[in-house]
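One structure is given below, encoded as structure tokens.
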Amino acid sequence: MSRAGALAPLDVYVAKKRLTNASGQTIDVVRDLSLRLDTGQVGALIGPSGCGKTTLMRIIAGLDGRFEGAVERPQGPLSMAFQEPRLLPWRSVEDNIRLAVPRVGEKELGVLLDTLGLGQHRSHFPGELSLGLARRVALARAFAVKPALLLLDEPFVSLDAPLALAMQRKLAALVKERAITTVLVTHDVSQAVRLANRIFVLSPRPARVVGEIRVESPHKGMGAEDARSVEKRVEGLLVQATAGLAIDG
Amino acid sequence: MTARLLSLLALLALWAVVAHFGDPRRFPGPLEVSAAIGKAAASGELFFAMGVTMARVAAAFVLAMAAGAAIGYAMGRSPFVNEVADPWIVVLLNLPALVIIVLLYIWVGLNETAAIAAVALNKLPNATVTIREGARALDPGLDEMARVFAFSRWKRLRHVEAPQLAPYVAAAARSGLSLVWKIVLVVELLGRPNGVGFEINMAFQLFDVALLLAYALPFAAAMLLIEAFLVQPFERRVSRWRPRAA
């Protein structure tokens, strides 16, 4: 408990996480996985599809307590953008954000909605929005909290490229301005390199960290060549991890 | 709409024609029945009987819906509660209404408590089963969202769960109302000294069909109006957020 407080890091250790699949078999989804992020750091989880990233995110969020291990979170509010938007269909865009984040100021909300291109959709209901728009609302909701820990599960898929870039810039600015510890699940290696201080490459199920790459000052102009070489290292690790799958399975 | 109206008029005409050739005591025509309604209304007895019966309907309905919602929600959310309560619900579902009514009159006495409890108990299992389906269908994704954003228990119930349950509550209310008012008449016939069911029993003893219909028809019409102007708008209101089908 000595590290308790807003400055405490995120410390995740999962010795074992089991799930029962549809046919009644018990399978290990995560095994011997540990990761650690200091305050204000962004960690990217990258790995093959179905390797257990979403399960891991639910464990980090405290939504799933049935695992062997321990998670120490920074104290303070938690915020999360799930893979699906998860909006209340009977509430307008604005109400969805206000319900989750009652203390959001009018001006702050306006700026946030404008930045995400949602200004004219304030009073719309989720059923009237496209998936891309709904995901943006979910991101706005996640950003509106001033969280100590921000969890983003593939936040930028189904957004078009310019918008995804704008969102990434917004995220980078927020994280830097408020020193938010962030965990980001992504499939996009260059996105991970652009946003993260630490990239955790995960193995196929059961997930464990097969490589941890530190990226120095990701938000400040990292040379294109440096970025490319980091990307190559991540890709190399990913290929190794996936090859492991082919040999084992 | 016009087809409906024409069909209703045809029914009235058929009634008048059959009554014209039949025994007027056993089969009074629309005019005789209207006259009987007018008489019962003028004396105030019709409105008193309807008022008393409506109050019983309301009490039994509210009781059954409240208890059914609470039990159904608990059963839908907890497999353990479901295991324990399910046999009871199955027994209640299959017990004839008449048996429950007679038993309660014997055990509790010929009083208002027994009457309302008997009606509520008849409706309870249907409401429970419907709300249980609703509670089982609650979206776990929204539940997790509410947990992540630290919604209080009350906020989660009001803003996340209640709107999802509302269509089920509306369905239970609609089927429940039509069940409850029919059973209330039986309860009144068997053991209450007033109400529409009691008046129908009196008319039965006198073999006065015009009097019987003079109580039955206005009451059925009143329940239809409540269904059309209260229950159905409520159902539409709670489902208004659903995207309109193009």
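Just so we're on the same page: first chain in the structure tokens is A, next is B, and so on; residues restart at 1 for each chain, and ligands are numbered from 1 in the order they show up.
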Problem set entry | Interface, chain B side, toward chain A (8 Å; only C-alpha atoms) as a ChimeraX atom specification | /B:141-142,144-151,160,163,240-243
Can I get the selected residues back with N, CA and C atoms, as a PDB file, in the first residue's frame?
```
ATOM      1  N   GLY B 141     -23.252  -5.547 -21.442  1.00  0.00           N
ATOM      2  CA  GLY B 141     -22.326  -4.494 -21.877  1.00  0.00           C
ATOM      3  C   GLY B 141     -22.648  -3.164 -21.210  1.00  0.00           C
ATOM      4  N   LEU B 142     -23.918  -2.837 -21.140  1.00  0.00           N
ATOM      5  CA  LEU B 142     -24.317  -1.577 -20.508  1.00  0.00           C
ATOM      6  C   LEU B 142     -24.079  -1.642 -19.001  1.00  0.00           C
ATOM      7  N   GLU B 144     -21.633  -3.249 -17.583  1.00  0.00           N
ATOM      8  CA  GLU B 144     -20.195  -2.991 -17.392  1.00  0.00           C
ATOM      9  C   GLU B 144     -19.870  -1.518 -17.562  1.00  0.00           C
ATOM     10  N   MET B 145     -20.509  -0.906 -18.565  1.00  0.00           N
ATOM     11  CA  MET B 145     -20.304   0.529 -18.776  1.00  0.00           C
ATOM     12  C   MET B 145     -20.650   1.288 -17.494  1.00  0.00           C
ATOM     13  N   ALA B 146     -21.795   0.938 -16.902  1.00  0.00           N
ATOM     14  CA  ALA B 146     -22.245   1.627 -15.686  1.00  0.00           C
ATOM     15  C   ALA B 146     -21.258   1.406 -14.545  1.00  0.00           C
ATOM     16  N   ARG B 147     -20.665   0.220 -14.502  1.00  0.00           N
ATOM     17  CA  ARG B 147     -19.688  -0.042 -13.434  1.00  0.00           C
ATOM     18  C   ARG B 147     -18.410   0.762 -13.648  1.00  0.00           C
ATOM     19  N   VAL B 148     -17.952   0.799 -14.913  1.00  0.00           N
ATOM     20  CA  VAL B 148     -16.728   1.546 -15.201  1.00  0.00           C
ATOM     21  C   VAL B 148     -16.906   3.024 -14.852  1.00  0.00           C
ATOM     22  N   PHE B 149     -18.054   3.582 -15.195  1.00  0.00           N
ATOM     23  CA  PHE B 149     -18.262   5.007 -14.931  1.00  0.00           C
ATOM     24  C   PHE B 149     -18.872   5.246 -13.552  1.00  0.00           C
ATOM     25  N   ALA B 150     -18.783   4.217 -12.689  1.00  0.00           N
ATOM     26  CA  ALA B 150     -19.143   4.351 -11.269  1.00  0.00           C
ATOM     27  C   ALA B 150     -20.545   4.887 -11.048  1.00  0.00           C
ATOM     28  N   PHE B 151     -21.514   4.366 -11.812  1.00  0.00           N
ATOM     29  CA  PHE B 151     -22.916   4.718 -11.566  1.00  0.00           C
ATOM     30  C   PHE B 151     -23.311   4.189 -10.191  1.00  0.00           C
ATOM     31  N   VAL B 160     -30.209   2.744 -16.525  1.00  0.00           N
ATOM     32  CA  VAL B 160     -29.689   1.652 -17.345  1.00  0.00           C
ATOM     33  C   VAL B 160     -30.663   0.476 -17.391  1.00  0.00           C
ATOM     34  N   PRO B 163     -35.124   1.392 -18.151  1.00  0.00           N
ATOM     35  CA  PRO B 163     -35.558   1.549 -19.553  1.00  0.00           C
ATOM     36  C   PRO B 163     -35.529   0.239 -20.338  1.00  0.00           C
ATOM     37  N   ARG B 240     -40.181   4.485 -27.226  1.00  0.00           N
ATOM     38  CA  ARG B 240     -40.028   5.533 -28.245  1.00  0.00           C
ATOM     39  C   ARG B 240     -38.583   5.723 -28.664  1.00  0.00           C
ATOM     40  N   TRP B 241     -37.624   5.323 -27.814  1.00  0.00           N
ATOM     41  CA  TRP B 241     -36.219   5.525 -28.181  1.00  0.00           C
ATOM     42  C   TRP B 241     -35.762   4.546 -29.249  1.00  0.00           C
ATOM     43  N   ARG B 242     -36.552   3.459 -29.438  1.00  0.00           N
ATOM     44  CA  ARG B 242     -36.136   2.484 -30.463  1.00  0.00           C
ATOM     45  C   ARG B 242     -36.170   3.160 -31.822  1.00  0.00           C
ATOM     46  N   PRO B 243     -35.166   2.871 -32.663  1.00  0.00           N
ATOM     47  CA  PRO B 243     -35.161   3.498 -33.982  1.00  0.00           C
ATOM     48  C   PRO B 243     -36.438   3.101 -34.728  1.00  0.00           C
TER      49      PRO B 243
END
```
Selection near stretch 20-29 of chain B, 10 Å with only C-alpha atoms, sequence-local residues under 2 positions removed, as a CSV table (one decimal) with N, CA and C atoms, in the first residue's frame:
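Printed below is result-v2.csv as written:
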```csv
chain,number,residue,atom,x,y,z
B,12,LEU,N,-74.1,-4.9,-33.7
B,12,LEU,CA,-75.3,-4.3,-33.1
B,12,LEU,C,-76.5,-4.7,-33.8
B,13,ALA,N,-76.5,-4.6,-35.1
B,13,ALA,CA,-77.7,-4.9,-36.0
B,13,ALA,C,-78.1,-6.3,-35.8
B,14,LEU,N,-77.1,-7.2,-35.8
B,14,LEU,CA,-77.4,-8.6,-35.6
B,14,LEU,C,-78.0,-8.9,-34.3
B,15,TRP,N,-77.5,-8.2,-33.3
B,15,TRP,CA,-78.0,-8.3,-31.9
B,15,TRP,C,-79.5,-7.9,-31.9
B,16,ALA,N,-79.8,-6.7,-32.5
B,16,ALA,CA,-81.1,-6.2,-32.6
B,16,ALA,C,-82.1,-7.2,-33.3
B,17,VAL,N,-81.6,-7.7,-34.4
B,17,VAL,CA,-82.5,-8.6,-35.2
B,17,VAL,C,-82.8,-9.9,-34.4
B,18,VAL,N,-81.8,-10.5,-33.8
B,18,VAL,CA,-82.0,-11.7,-33.0
B,18,VAL,C,-82.9,-11.5,-31.8
B,31,LEU,N,-81.8,-1.6,-27.3
B,31,LEU,CA,-82.6,-0.5,-26.7
B,31,LEU,C,-83.0,-0.8,-25.3
B,32,GLU,N,-83.4,-2.1,-25.0
B,32,GLU,CA,-83.7,-2.4,-23.6
B,32,GLU,C,-82.5,-2.3,-22.7
B,33,VAL,N,-81.4,-2.8,-23.3
B,33,VAL,CA,-80.1,-2.7,-22.5
B,33,VAL,C,-79.7,-1.3,-22.2
B,34,SER,N,-79.9,-0.4,-23.2
B,34,SER,CA,-79.6,1.0,-23.0
B,34,SER,C,-80.5,1.6,-22.0
B,207,PHE,N,-82.6,-13.6,-13.0
B,207,PHE,CA,-82.6,-13.9,-14.5
B,207,PHE,C,-82.9,-12.7,-15.3
B,208,ASP,N,-82.3,-11.6,-14.9
B,208,ASP,CA,-82.5,-10.3,-15.6
B,208,ASP,C,-81.3,-10.0,-16.5
B,209,VAL,N,-81.4,-10.4,-17.7
B,209,VAL,CA,-80.2,-10.3,-18.6
B,209,VAL,C,-80.0,-8.8,-18.9
B,210,ALA,N,-81.0,-8.0,-19.1
B,210,ALA,CA,-80.8,-6.6,-19.4
B,210,ALA,C,-80.0,-5.9,-18.3
B,211,LEU,N,-80.3,-6.2,-17.0
B,211,LEU,CA,-79.6,-5.7,-15.9
B,211,LEU,C,-78.2,-6.2,-15.9
B,213,LEU,N,-76.3,-7.1,-18.4
B,213,LEU,CA,-75.5,-6.4,-19.4
B,213,LEU,C,-75.4,-4.9,-19.1
```
Exercise. Running DSSP on the backbone, which parts of stretch 100-130 of chain A land in alpha helix (DSSP H), as an MDAnalysis selection string?
Worked result: chainID A and resid 100 106:115
Problem set entry | d(atom CA of B:Arg4, atom CA of B:Ala221) in Å |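 Answer for the atom CA of B:Arg4 to atom CA of B:Ala221 separation: 15.9 Å.
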Nearby residues (only C-alpha atoms) at most 10 Å from A:Val175, same-chain spacing under 6 positions excluded, as a PDB file with C-alpha atoms, in the first residue's frame:
```pdb
ATOM      1  CA  GLY A  40       1.118   9.383 -17.311  1.00  0.00           C
ATOM      2  CA  GLN A  41       2.552   6.610 -19.417  1.00  0.00           C
ATOM      3  CA  VAL A  42       0.742   5.086 -22.336  1.00  0.00           C
ATOM      4  CA  PHE A 143     -12.278  11.662 -22.493  1.00  0.00           C
ATOM      5  CA  LYS A 146     -10.656  13.307 -15.875  1.00  0.00           C
ATOM      6  CA  PRO A 147      -9.428   9.805 -15.207  1.00  0.00           C
ATOM      7  CA  ALA A 148      -6.400   8.523 -13.395  1.00  0.00           C
ATOM      8  CA  LEU A 149      -6.537   5.467 -15.637  1.00  0.00           C
ATOM      9  CA  LEU A 150      -7.860   5.416 -19.180  1.00  0.00           C
ATOM     10  CA  ARG A 169      -3.710  13.772 -31.574  1.00  0.00           C
ATOM     11  CA  THR A 181      -2.020   6.520 -17.332  1.00  0.00           C
ATOM     12  CA  THR A 182      -3.430   4.855 -20.424  1.00  0.00           C
ATOM     13  CA  LEU A 195       1.064   6.966 -29.052  1.00  0.00           C
TER      14      LEU A 195
END
```
